[in-house]
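Chemist: Structure provided below as C-alpha cells; questions to follow.
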There are 4 protein chains.
Amino acid sequence: MSKSSERNAIFASDNSAGVHPKIRRAINAAGAKHAIAYGKDRYTETAVAKFQEHFGKNIDVYFVFGGTGANVLGLQAITEPFHAIICADDAHINVDECGAPERFTGCKLLPVQSEDGKISIARIEKELNGFGDQHHVQPRVISISQSTELGTVYTAREVKALAAFAHDRGLFLHMDGARICNAAVSLGLNLKQITADVGVDVLSFGGAKNGMMYGEAIVFFDRKCSEQFKFIRKQGAQLPSKMRFISAQFEALLSDGLWQKNAEHANRMAALLARELRKLPEVRIVPEHVDANAVFAILPKRSIDRLLQNYFFHVWNEDLSQCRFMTAFDTTLKDVEALVAAIRKSLRT
Amino acid sequence: MSKSSERNAIFASDNSAGVHPKIRRAINAAGAKHAIAYGKDRYTETAVAKFQEHFGKNIDVYFVFGGTGANVLGLQAITEPFHAIICADDAHINVDECGAPERFTGCKLLPVQSEDGKISIARIEKELNGFGDQHHVQPRVISISQSTELGTVYTAREVKALAAFAHDRGLFLHMDGARICNAAVSLGLNLKQITADVGVDVLSFGGAKNGMMYGEAIVFFDRKCSEQFKFIRKQGAQLPSKMRFISAQFEALLSDGLWQKNAEHANRMAALLARELRKLPEVRIVPEHVDANAVFAILPKRSIDRLLQNYFFHVWNEDLSQCRFMTAFDTTLKDVEALVAAIRKSLRT
Amino acid sequence: MSKSSERNAIFASDNSAGVHPKIRRAINAAGAKHAIAYGKDRYTETAVAKFQEHFGKNIDVYFVFGGTGANVLGLQAITEPFHAIICADDAHINVDECGAPERFTGCKLLPVQSEDGKISIARIEKELNGFGDQHHVQPRVISISQSTELGTVYTAREVKALAAFAHDRGLFLHMDGARICNAAVSLGLNLKQITADVGVDVLSFGGAKNGMMYGEAIVFFDRKCSEQFKFIRKQGAQLPSKMRFISAQFEALLSDGLWQKNAEHANRMAALLARELRKLPEVRIVPEHVDANAVFAILPKRSIDRLLQNYFFHVWNEDLSQCRFMTAFDTTLKDVEALVAAIRKSLRT
Amino acid sequence: MSKSSERNAIFASDNSAGVHPKIRRAINAAGAKHAIAYGKDRYTETAVAKFQEHFGKNIDVYFVFGGTGANVLGLQAITEPFHAIICADDAHINVDECGAPERFTGCKLLPVQSEDGKISIARIEKELNGFGDQHHVQPRVISISQSTELGTVYTAREVKALAAFAHDRGLFLHMDGARICNAAVSLGLNLKQITADVGVDVLSFGGAKNGMMYGEAIVFFDRKCSEQFKFIRKQGAQLPSKMRFISAQFEALLSDGLWQKNAEHANRMAALLARELRKLPEVRIVPEHVDANAVFAILPKRSIDRLLQNYFFHVWNEDLSQCRFMTAFDTTLKDVEALVAAIRKSLRT
C-alpha cells in the first residue's frame with residue numbers, strides 16, 4: 001500500500017476536506033486587527049446572535065476547539081461522576097474518543113446495540129435499571145448522533161419520542177451533531193426543528209465536518225445546564241484564546257444558508273455515489289438508506305485491497321468487508337465518477 | 001468604562017494580536033486540497049521536521065489546540081496522580097487555568113514564591129520533603145515559565161542549574177514556553193540552546209502569542225516520556241482533526257526566522273514602551289528588567305481608571321496599582337506613542 | 001413486604017454473616033495495647049508473612065478497607081487512563097460498584113458476555129482491537145471474578161489459559177477474589193495454585209465474605225506493579241490508620257486453615273441447598289453447577305413474593321425469576337432446612 | 001534507632017491507641033447474628049438516631065471507613081471540579097492525605113498561613129478573588145480542623161464568624177472533626193453547639209482517634225448537600241459492607257457520654273504533660289495553648305535523638321526541633337510520668 005499522505009483522501013472523511021472559501025475569507029477578515037481574547041470580541045457577539053437566530057433566543061452557546069471537546073464537556077455539564085450515559089454501541093463517544101467521555105465525566109457509558117446507527121427506546125429501556133440503588137450507576141443522559149455514524153438520520157418524530165422518553169424518566173437528551181447540518185438537510189427541516197423543537201437538551205454543533213477549519217459549538221437549550229459552563233470549558237482546556245477566529249467561521253457558516261448548501265452538496269454526492277454503486281452487482285450498500293453524506297459499501301476483499309492502494313478510506317467492518325466512503329462540501333462529480341471507475345476496475349478479476 | 005469590545009486591546013495581551021500575514025498565507029495554502037485527518041498529512045510531516053531542525057533530532061513533538069492543553073497534557077505525560085508539581089505562585093498553571101492542571105493530572109501544585117516571576121533553587125528546596133512518605137504527595141516536576149509571567153527571562157545558566165537540581169532528585173523540568181520565542185530572542189540564543197541543551201524535559205511551545213491563529217506544540221526531549229502520548233492527547237480532547245492547519249502555521253513560523261522576527265519586534269516595542277514610561281516620574285516599572293514583551297507599570301489609581309476608559313489591559317495587582325502592557329509582533333511605534341501619550345494625559349490632575 | 005431489618009438475611013449475602021469467633025478473638029487481642037498506626041506494627045508484619053506463606057515469597061501485599069477499594073486501586077496500579085479493562089458483563093466491577101472503576105482509573109470497561117459468570121478467550125478476543133490506534137482505548141487488563149458472580153469457579157487450567165492469552169498480548173490478568181477461598185476449596189487446590197502458579201498478576205483477596213469483619217488485601221505477584229502502590233492506596237483513601245485490626249484478622253484467617261474451613265462449610269451448605277431444591281419440580285437451579293457458595297434458583301413469581309415477606313435475598317434476574325441464595329461460614333443445617341421448607345411452602349397454591 | 005514496632009508508641013498519635021472496652025463489647029455484640037449489609041440494619045438505624053440526638057433532627061449522616069475518605073467525599077459533595085477549597089497550610093487535607101482531596105474533587109486547595117493551626121478571616125479574604133472569572137478556580141469551601149493540627153481549638157464564636165463570613169460569600173464551611181470531641185470538651189460545649197448551632201455545613205466526625213477501631217461519619221447539616229451522597233460514597237469506595245460494625249461503635253461512643261469521657265481524659269493527660277514539661281527550662285511548649293490532646297514541645301536536637309530510641313513520636317518541624325506528643329483515652333498517668341522522666345533524662349548532658 002502506498003504512503004497514506006500520497007493516497008487520495010477525498011472519501012476518507014468529511015474532515016479530510018478543505019475549508020470553504022467563504023469561511024477562509026471570514027477568517028482572513030477577522031485577522032486584520034486586534035481583538036480582546038477569550039470571546040469578549042464582536043465576532044463572538046455576532047456569532048452567538050447567529051446561533052440564536054437559528055436555534056431560538058433561549059439558548060446558551062459556547063465555542064470550543066474540537067468535536068471530542070464539545071461532546072465530553074457538554075456531557076460533563078449535565079452529569080455527576082456516578083451517572084451513566086446511554087448511547088449507541090457504535091457511537092463516536094463510545095468507540096472513537098479514546099475513553100475521553102469516561103475520563104472527563106467519570107461516568108460509565110452504557111452502550112446499546114444500534115440498528116444502522118440508531119438506538120430504539122425498546123433497547124434503551126433495558127439499560128434503565130437500578131434507579132436509586134447505591135451500587136448502580138444512575139442513568140442520566142441518552143446521547144444520540146445525528147446524522148448517525150452509519151449515515152442514517154433520525155426523523156424529527158424519532159428524536160421527539162426519544163426526548164419525551166428521556167424527560168419522563170428524568171434523563172437528558174444529548175445530541176452529537178458533528179454532522180447535524182447533513183441531517184437537517186436530509187430531513188428538509190431547519191436546525192431548530194430537529195433540536196430545540198423536539199426536545200434536545202444539549203447539542204454538539206459540528207463545524208469542521210461541514211467546511212470549517214476548526215471549531216465546534218455546544219448549544220444548551222436549557223440555560224440551567226450551562227450556568228457554570230464557562231468554568232468547565234476553561235478547566236477542560238477548551239477555551240480558545242483567539243476565539244474570534246472560530247466565531248468568524250461560525251458567523252459565515254450560519255449566514256446566507258452556507259451550512260445548508262455545504263451539507264446539501266455533500267449529501268447529494270453521497271446519494272449519487274450510492275446510486276452508481278447499486279448498479280454493480282458485486283457491491284451491496286449497507287445500511288440501505290443513504291440519508292446523509294456517508295455511503296457504506298460491502299465489497300469483495302480483493303477489491304478492497306486494490307482500492308486501498310490509491311484511496312485512503314476506512315474499512316468499517318473487516319468481517320463484513322464493509323467500507324465507508326464519506327463525501328464533503330467539496331467533493332466533485334468527477335471525484336465520484338473517478339471512485340466509481342476505480343471500484344469497477346477493482347472488481348475485475 | 002466603555003464596552004470591552006470597543007476599547008483598544010492592543011496592549012491587553014499578545015493573544016489579542018492578529019495573525020501574521022505569512023502564517024495566514026500558509027493556512028490558506030493548506031486549505032486548497034484534501035488531506036488525511038489527525039496528522040497523517042504532509043504538512044504535519046514537514047512541521048515536525050522543522051521542529052527537529054530547531055530542537056534536535058531526538059525529540060518527539062505533538063500539536064494541540066491551545067496553551068492550557070499543552071501544559072496539562074505535557075504534565076500528565078510525566079506524572080502520576082500522587083505526584084506534586086512545583087511552580088511559581090504566579091505561574092499560569094497555578095493561577096490562570098481554572099484548576100486544569102489539578103483536574104487533568106490529579107497532582108497537587110506546590111506554589112513557590114517567585115521573585116519577578118522566577119523561582120529559585122533555594123525556595124524550591126523547601127518544598128522537597130516527604131519523599132517516600134505515603135502521606136505526602138511526591139514532588140516530581142519543576143515547572144517554569146519562559147519568559148515568565150512578569151516578563152523576565154531565565155538565563156540559560158539558570159535553566160541549566162534548575163534542570164541539574166531537578167534531575168539530581170529524580171524530578172523533571174517542565175517549561176511553559178507560551179512565550180519561549182521572546183525569551184530566546186531576549187537572550188540572543190536559539191531555541192535549542194535554551195531547552196534541549198540546558199536540560200528541559202518537556203516544553204509547551206507557544207504559537208498563538210507569537211503570530212499564529214491557534215495551535216501549540218508539546219516537545220519531548222526524552223522520548224521515553226512520550227511513548228504513550230498520542231493516547232493522552234486524544235483522551236485529553238486535544239487531537240485536532242484537520243491537523244494540517246496547525247502544522248502549516250508552525251512550518252511558516254519556524255521558517256525564515258519568522259519566530260525570531262516576530263518576537264524581536266514585540267520585545268523591542270516593550271523596551272521602547274518601558275524607556276518612555278521611565279521618563280515619567282509618577283510611573284514605576286516593576287519588575288525593573290523588561291526582558292521580553294511585557295511591561296509592568298505602577299500607575300496612580302486615578303490614572304488607571306482614566307486609561308481603562310479607552311484601553312483594555314490587565315490591572316495585574318490592584319493593591320500595588322500595577323498594570324500589565326503586552327506587546328506583540330504587530331504592535332506599531334504609533335501604538336506605543338499613543339499609549340504613552342494616553343498615560344501621560346491620564347496623569348494630569 | 002416487611003421491613004428489611006426484620007427479615008431473615010441469612011441467605012442475602014455472605015457479607016450479611018457475622019464474624020468468626022477466632023477472628024473476633026484476634027481483634028480483641030490486638031486492641032489491648034498501643035501500636036504504631038498505618039501498618040508499621042507487628043500484626044501487619046506477621047500478616048504479611050502469612051500471605052507470603054500462602055502465596056509465595058515474591059509478592060507484595062497491601063491491606064485496604066473494602067472490596068471495591070481493593071478492586072479499583074489494584075486496577076489503577078496497572079493501568080493508565082486511556083486503557084481498557086475487559087471483564088464479564090455481570091462482573092462486580094461492571095455492575096455493582098457504581099462506576100468506581102471508571103472513576104478511579106479513568107479507563108473504559110469493555111464488558112464481555114459471560115457464560116454462567118465466566119468469560120471465554122473467544123469472546124475476549126473480539127474486544128481486542130484498535131491496538132496502537134489513538135482513537136481507541138487500549139486493552140490492558142482482563143479481570144475475572146473467582147468464584148464468579150454466579151457461583152461458578154474457573155478451573156486452574158482455565159485461569160492459566162486466560163493468563164497466557166493475556167500475557168501474550170501484553171495484558172495483565174486481574175482477579176477479583178472476593179470469594180477466592182470458596183474457589184480454592186471448590187477446586188481442592190491451595191491459594192497459590194490458583195493464583196501465582198497460573199499467572200494471575202493482581203488479586204483482590206476478600207476477607208469480609210469469609211468470616212472477617214472488614215478488610216481486604218491486594219496481592220501483587222509482580223512487584224514492578226506495586227512499586228508506587230503505597231501512594232495510590234493513601235491517595236485512594238484506603239490506608240487504614242489502625243491497620244493492625246485488619247492485619248490481626250488476616251493473620252487469624254490464614255492460620256490453622258481457617259480460611260479453608262470457613263469456605264468449605266459455606267460451599268457445603270450451598271451444595272446441600274441445591275440438592276434439596278433440585279427435588280422440587282417447580283424449581284430450576286441455574287447455573288446448574290453450584291461450585292461455590294451461591295445457589296441461583298428459578299422460582300415461580302408468586303412464590304418469590306411470598307418468600308420475600310420473611311427472607312431478604314436478591315432477585316438476580318427479574319425477567320427469569322432467578323433468585324440468589326448465598327451461604328456463609330455460619331449458615332447452619334437448620335437454616336438450610338428452614339429455607340427449603342419456606343420455599344416448599346411458598347410453592348403451594 | 002530501634003525498630004519502630006518495638007518502640008513505645010503511646011504518644012505517637014491518638015490513632016496508635018487501642019479500642020475502648022465498651023466499644024469492643026459493642027462490636028462483639030453486633031457480630032453475633034446476621035444482618036443485612038450496606039446499612040439496612042438496626043445498628044445503623046440506632047446509630048443514626050444517636051447522631052440526631054446529638055446534632056439535631058435535620059441532619060443526614062453517612063458512615064465511611066476512614067478519615068481521609070470522610071474529608072474527601074464530604075468535600076466532593078459540595079464542590080464542582082473548578083472550585084477551590086481554602087484551608088490552613090498545615091491542614092490534614094493539605095499535607096497529610098497524599099493529594100486525595102485534589103484527586104477526588106478535582107479542586108485546587110488554597111492554603112492559608114495558619115496561626116497555631118487556626119486560620120483567620122483576614123487571611124482567607126486575600127484568597128477570595130477571581131469570582132466569576134473563567135480563568136480562576138472559584139472559591140467554594142472554607143475547611144477548618146477542630147481541634148486543629150496544632151492542638152488548638154476554635155471557639156464557638158470563631159467558628160460562627162467563619163461560617164457567617166463564608167455564607168455571606170456563597171461558600172460552605174467544612175469541618176474536619178477528626179478530633180471534634182476533644183474540641184467540644186475543651187470548650188465545655190456539646191457537639192451541636194460547636195457545629196450546627198454555629199453554621200458548620202459539613203462535618204467529618206472522627207471515631208478512630210477517640211477510642212473506636214475504625215469508622216468515621218460525615219454529617220450534613222443541610223440535606224440539600226447530601227441528596228446524592230449515597231452514590232458518591234459507593235463510587236468513592238467508602239461504603240462498608242458489614243456496616244453494622246461501624247454503627248455499633250458509634251452507638252456506643254455516643255451513649256452514656258463515652259465520647260466525652262474519652263476526650264476529657266485525653267485532654268487532661270495533655271494538660272498534665274504540658275504542665276510538667278513547662279517546669280523544664282530547656283523545653284518550650286509551642287503553641288503555648290494546649291487546648292486539646294496534643295502537646296508540641298521544642299526540645300534540644302540531642303535530646304530528641306535520645307528520646308527517639310525508645311519512643312516513637314513525630315518531629316513536627318525539624319528546623320524548630322518541635323516535637324508532637326499526642327494523648328488518647330487510654331494514656332495513663334504513669335505513661336505521662338514515664339515520658340516526662342525520659343525527657344528529663346534526655347536533657348542531661
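The way I read the labels, and the way they are meant: chains A, B, ... in the order of the C-alpha cells, residue 1 as the first residue of every chain, and ligand 1 as the first ligand shown, with later ones counted on from there.
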Counting only C-alpha atoms, collect the residues of chain C whose closest atom lies at most 7 Å from chain D, and write them out as a PyMOL selection string.

Modeler: chain C and resi 4-5+9-10+15-19+31-37+40-42+65-66+68-69+97-100+213-214+231+234-237+240-242

Chemist: Taking only region 69-221 of chain B into account, list the residues labelled helix (DSSP H, G or I) by DSSP (computed from the backbone), as a PyMOL selection string.

Modeler: chain B and resi 69-77+92-95+100-105+121-127+156-168+180-187+196-198+208-210

Chemist: List as JSON, numbers by chain the protein and nucleic acid residues near Phe63 (chain B), meaning an atom at most 7 Å away when only C-alpha atoms are counted, but skip any in the same chain fewer than 5 places from it.

Modeler: {"B": [215, 216, 217, 218]}

Chemist: Might you pull out every residue within 8 Å of Lys108 (chain B), with only C-alpha atoms counted and same-chain residues fewer than 2 positions away left off, and present them as number ranges by chain?

Modeler: B: 82-85, 102, 106, 110, 137; D: 99, 102, 108

Chemist: Once DSSP has gone over the backbone, tell me which residues of region 8-216 of chain A are in strand (DSSP E or B), as an mmCIF file with C-alpha atoms, in the first residue's frame.

Modeler:
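The file below, selection.cif, is the result:
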```cif
data_model
loop_
_atom_site.group_PDB
_atom_site.id
_atom_site.type_symbol
_atom_site.label_atom_id
_atom_site.label_comp_id
_atom_site.auth_asym_id
_atom_site.auth_seq_id
_atom_site.Cartn_x
_atom_site.Cartn_y
_atom_site.Cartn_z
ATOM 1 C CA ASN A 8 -6.455 10.151 -2.475
ATOM 2 C CA ASP A 60 -26.611 29.416 25.550
ATOM 3 C CA VAL A 61 -23.810 28.688 23.131
ATOM 4 C CA TYR A 62 -20.126 28.104 23.801
ATOM 5 C CA PHE A 63 -17.363 27.611 21.266
ATOM 6 C CA VAL A 64 -14.654 25.028 21.726
ATOM 7 C CA HIS A 83 -24.221 8.833 36.405
ATOM 8 C CA ALA A 84 -24.460 6.703 33.280
ATOM 9 C CA ILE A 85 -24.723 7.814 29.677
ATOM 10 C CA ILE A 86 -26.671 5.620 27.316
ATOM 11 C CA CYS A 87 -25.531 5.622 23.701
ATOM 12 C CA ALA A 88 -25.257 3.501 20.581
ATOM 13 C CA LYS A 108 -19.988 4.866 32.764
ATOM 14 C CA LEU A 109 -21.188 4.590 29.191
ATOM 15 C CA LEU A 110 -23.946 2.054 28.667
ATOM 16 C CA PRO A 111 -23.776 1.051 25.016
ATOM 17 C CA VAL A 112 -26.976 -0.089 23.346
ATOM 18 C CA GLU A 115 -29.720 -0.617 14.204
ATOM 19 C CA LYS A 118 -29.894 4.433 15.575
ATOM 20 C CA GLN A 138 -27.601 6.203 37.679
ATOM 21 C CA PRO A 139 -28.757 6.631 34.069
ATOM 22 C CA ARG A 140 -28.813 10.350 33.354
ATOM 23 C CA VAL A 141 -28.307 11.013 29.663
ATOM 24 C CA ILE A 142 -29.318 9.461 26.370
ATOM 25 C CA SER A 143 -26.825 10.509 23.726
ATOM 26 C CA ILE A 144 -27.526 10.129 20.027
ATOM 27 C CA SER A 145 -25.547 11.056 16.916
ATOM 28 C CA PHE A 172 -31.404 14.484 29.370
ATOM 29 C CA LEU A 173 -31.187 14.058 25.614
ATOM 30 C CA HIS A 174 -27.734 14.874 24.268
ATOM 31 C CA MET A 175 -27.075 15.096 20.565
ATOM 32 C CA ASP A 176 -23.673 14.652 18.977
ATOM 33 C CA GLY A 177 -24.296 16.875 15.974
ATOM 34 C CA VAL A 202 -27.549 19.759 24.754
ATOM 35 C CA LEU A 203 -26.115 19.749 21.264
ATOM 36 C CA SER A 204 -22.595 19.459 19.909
ATOM 37 C CA PHE A 205 -22.808 21.515 16.731
ATOM 38 C CA GLY A 206 -20.090 20.476 14.321
ATOM 39 C CA GLU A 216 -17.356 23.306 17.388
#
```

Chemist: Between CA of Leu128 (chain C) and CA of Gln76 (chain C), measure the distance and give it in Å to one decimal.

Modeler: 19.9 Å

Chemist: Do a neighbour search on Lys261 (chain C) at 12 Å with only C-alpha atoms, toss out local chain neighbours closer than 6 positions, and write the hits as a ChimeraX atom specification.

Modeler: /C:20,22,181-182,184-186,210-211,253-255,267-268,328-330

Chemist: Output N, CA, C and O atoms of each residue in that selection to a file, as a PDB file, in the first residue's frame.

Modeler:
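Result file follows (again11.pdb):
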```pdb
ATOM      1  N   HIS C  20     -16.318 -14.570  62.455  1.00  0.00           N
ATOM      2  CA  HIS C  20     -15.945 -15.847  63.049  1.00  0.00           C
ATOM      3  C   HIS C  20     -15.324 -15.622  64.437  1.00  0.00           C
ATOM      4  O   HIS C  20     -14.526 -14.697  64.601  1.00  0.00           O
ATOM      5  N   LYS C  22     -12.921 -16.917  66.068  1.00  0.00           N
ATOM      6  CA  LYS C  22     -11.456 -16.829  66.126  1.00  0.00           C
ATOM      7  C   LYS C  22     -10.971 -15.460  65.675  1.00  0.00           C
ATOM      8  O   LYS C  22      -9.963 -14.951  66.158  1.00  0.00           O
ATOM      9  N   CYS C 181     -11.421 -17.913  48.445  1.00  0.00           N
ATOM     10  CA  CYS C 181     -11.293 -19.087  49.310  1.00  0.00           C
ATOM     11  C   CYS C 181     -12.328 -20.140  48.932  1.00  0.00           C
ATOM     12  O   CYS C 181     -12.025 -21.347  48.886  1.00  0.00           O
ATOM     13  N   ASN C 182     -13.527 -19.679  48.615  1.00  0.00           N
ATOM     14  CA  ASN C 182     -14.551 -20.627  48.175  1.00  0.00           C
ATOM     15  C   ASN C 182     -14.136 -21.319  46.884  1.00  0.00           C
ATOM     16  O   ASN C 182     -14.411 -22.491  46.675  1.00  0.00           O
ATOM     17  N   ALA C 184     -10.945 -21.862  45.834  1.00  0.00           N
ATOM     18  CA  ALA C 184      -9.833 -22.775  46.093  1.00  0.00           C
ATOM     19  C   ALA C 184     -10.355 -24.091  46.663  1.00  0.00           C
ATOM     20  O   ALA C 184      -9.984 -25.190  46.212  1.00  0.00           O
ATOM     21  N   VAL C 185     -11.212 -23.947  47.646  1.00  0.00           N
ATOM     22  CA  VAL C 185     -11.785 -25.125  48.297  1.00  0.00           C
ATOM     23  C   VAL C 185     -12.576 -25.961  47.298  1.00  0.00           C
ATOM     24  O   VAL C 185     -12.510 -27.187  47.292  1.00  0.00           O
ATOM     25  N   SER C 186     -13.302 -25.298  46.447  1.00  0.00           N
ATOM     26  CA  SER C 186     -14.107 -25.996  45.444  1.00  0.00           C
ATOM     27  C   SER C 186     -13.219 -26.804  44.505  1.00  0.00           C
ATOM     28  O   SER C 186     -13.574 -27.897  44.062  1.00  0.00           O
ATOM     29  N   ASN C 210     -15.678 -14.043  54.044  1.00  0.00           N
ATOM     30  CA  ASN C 210     -15.286 -15.354  54.565  1.00  0.00           C
ATOM     31  C   ASN C 210     -15.011 -15.284  56.060  1.00  0.00           C
ATOM     32  O   ASN C 210     -14.099 -15.934  56.559  1.00  0.00           O
ATOM     33  N   GLY C 211     -15.803 -14.492  56.763  1.00  0.00           N
ATOM     34  CA  GLY C 211     -15.730 -14.531  58.213  1.00  0.00           C
ATOM     35  C   GLY C 211     -15.032 -13.360  58.878  1.00  0.00           C
ATOM     36  O   GLY C 211     -14.994 -13.274  60.106  1.00  0.00           O
ATOM     37  N   LEU C 253      -7.260 -15.551  59.893  1.00  0.00           N
ATOM     38  CA  LEU C 253      -7.909 -16.242  58.769  1.00  0.00           C
ATOM     39  C   LEU C 253      -6.946 -17.180  58.062  1.00  0.00           C
ATOM     40  O   LEU C 253      -7.337 -18.267  57.604  1.00  0.00           O
ATOM     41  N   LEU C 254      -5.694 -16.770  57.979  1.00  0.00           N
ATOM     42  CA  LEU C 254      -4.719 -17.566  57.233  1.00  0.00           C
ATOM     43  C   LEU C 254      -3.966 -18.559  58.119  1.00  0.00           C
ATOM     44  O   LEU C 254      -3.016 -19.205  57.661  1.00  0.00           O
ATOM     45  N   SER C 255      -4.389 -18.691  59.366  1.00  0.00           N
ATOM     46  CA  SER C 255      -3.739 -19.644  60.276  1.00  0.00           C
ATOM     47  C   SER C 255      -4.650 -20.851  60.507  1.00  0.00           C
ATOM     48  O   SER C 255      -5.886 -20.715  60.510  1.00  0.00           O
ATOM     49  N   ASN C 267     -19.503 -23.628  51.196  1.00  0.00           N
ATOM     50  CA  ASN C 267     -19.744 -24.379  49.958  1.00  0.00           C
ATOM     51  C   ASN C 267     -20.640 -25.597  50.211  1.00  0.00           C
ATOM     52  O   ASN C 267     -21.541 -25.904  49.420  1.00  0.00           O
ATOM     53  N   ARG C 268     -20.385 -26.270  51.322  1.00  0.00           N
ATOM     54  CA  ARG C 268     -21.170 -27.479  51.632  1.00  0.00           C
ATOM     55  C   ARG C 268     -22.636 -27.116  51.839  1.00  0.00           C
ATOM     56  O   ARG C 268     -23.537 -27.818  51.387  1.00  0.00           O
ATOM     57  N   ALA C 328     -22.792 -18.931  53.999  1.00  0.00           N
ATOM     58  CA  ALA C 328     -21.578 -18.359  54.598  1.00  0.00           C
ATOM     59  C   ALA C 328     -21.022 -19.353  55.615  1.00  0.00           C
ATOM     60  O   ALA C 328     -21.571 -20.437  55.802  1.00  0.00           O
ATOM     61  N   PHE C 329     -19.932 -18.961  56.255  1.00  0.00           N
ATOM     62  CA  PHE C 329     -19.279 -19.852  57.225  1.00  0.00           C
ATOM     63  C   PHE C 329     -20.200 -20.216  58.373  1.00  0.00           C
ATOM     64  O   PHE C 329     -20.000 -21.231  59.029  1.00  0.00           O
ATOM     65  N   ASP C 330     -21.214 -19.399  58.602  1.00  0.00           N
ATOM     66  CA  ASP C 330     -22.056 -19.628  59.768  1.00  0.00           C
ATOM     67  C   ASP C 330     -23.477 -20.051  59.429  1.00  0.00           C
ATOM     68  O   ASP C 330     -24.354 -20.049  60.284  1.00  0.00           O
TER      69      ASP C 330
END
```

Chemist: So that I can check the surroundings of Ala164 (chain A), please list as a PyMOL selection string every protein, DNA and RNA residue that reaches within 12 Å of it, counting only C-alpha atoms and ignoring chain neighbours fewer than 3 positions away.

Modeler: chain A and resi 121+142+157-161+167-173+197-201

Chemist: At a cut-off of 10 Å, using only C-alpha atoms, what residues contact Gln113 (chain D)? Leave out same-chain residues fewer than 5 positions from it and give the result as a short mmCIF file (atom, residue, chain, number, x, y, z; two decimals) with N, CA, C and O atoms, in the first residue's frame.

Modeler:
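selection_15.cif, freshly written:
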```
data_model
loop_
_atom_site.label_atom_id
_atom_site.label_comp_id
_atom_site.auth_asym_id
_atom_site.auth_seq_id
_atom_site.Cartn_x
_atom_site.Cartn_y
_atom_site.Cartn_z
N CYS D 87 -8.01 26.39 53.03
CA CYS D 87 -7.72 25.68 54.27
C CYS D 87 -6.40 26.17 54.84
O CYS D 87 -5.67 26.90 54.18
N ALA D 88 -6.09 25.74 56.05
CA ALA D 88 -4.81 26.08 56.66
C ALA D 88 -3.69 25.39 55.92
O ALA D 88 -3.86 24.28 55.42
N ASP D 89 -2.54 26.05 55.87
CA ASP D 89 -1.41 25.41 55.19
C ASP D 89 -0.99 24.12 55.88
O ASP D 89 -0.46 23.23 55.24
N ASP D 90 -1.25 24.02 57.18
CA ASP D 90 -0.88 22.80 57.87
C ASP D 90 -2.07 21.85 58.05
O ASP D 90 -1.99 20.88 58.80
N ALA D 91 -3.16 22.09 57.33
CA ALA D 91 -4.35 21.23 57.44
C ALA D 91 -4.02 19.81 56.97
O ALA D 91 -3.23 19.61 56.04
N LYS D 118 -4.88 27.70 63.38
CA LYS D 118 -6.15 28.36 63.04
C LYS D 118 -5.97 29.33 61.87
O LYS D 118 -4.93 29.95 61.73
N ILE D 119 -7.01 29.49 61.08
CA ILE D 119 -6.95 30.48 60.01
C ILE D 119 -7.91 31.62 60.32
O ILE D 119 -8.99 31.42 60.88
N SER D 120 -7.49 32.80 59.92
CA SER D 120 -8.28 33.99 60.24
C SER D 120 -8.99 34.51 59.00
O SER D 120 -8.56 34.28 57.87
N ARG D 123 -6.82 36.57 56.60
CA ARG D 123 -6.00 35.86 55.64
C ARG D 123 -6.82 35.15 54.57
O ARG D 123 -6.42 35.07 53.41
N ILE D 124 -7.94 34.63 54.96
CA ILE D 124 -8.81 33.96 53.98
C ILE D 124 -9.23 34.96 52.90
O ILE D 124 -9.25 34.64 51.71
#
```

Chemist: One number please: CA of Tyr154 (chain D) to CA of Trp316 (chain D), in Å, one decimal.

Modeler: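 Computing the Euclidean distance for CA of Tyr154 (chain D) and CA of Trp316 (chain D) yields 20.9 Å.
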
Chemist: In Å, how far is it from CA of Ala294 (chain C) to CA of Gly151 (chain C)?

Modeler: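 Those two atoms sit 4.9 Å apart.
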
Chemist: For each of D:Lys230, D:Thr332, D:Pro281, D:Glu251, take the minimum atom-to-atom distance to His265 (chain D), counting only C-alpha atoms, then give the residue where this is smallest.

Modeler: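 Answer, going by the shortest atom-to-atom distance: D:Thr332.
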
Chemist: Identify which of the residues A:Thr155, A:Ser303, A:Thr195, A:Asn262 lies closest to Asp291 (chain A), counting only C-alpha atoms when measuring atom-to-atom distances.

Modeler: A:Thr155
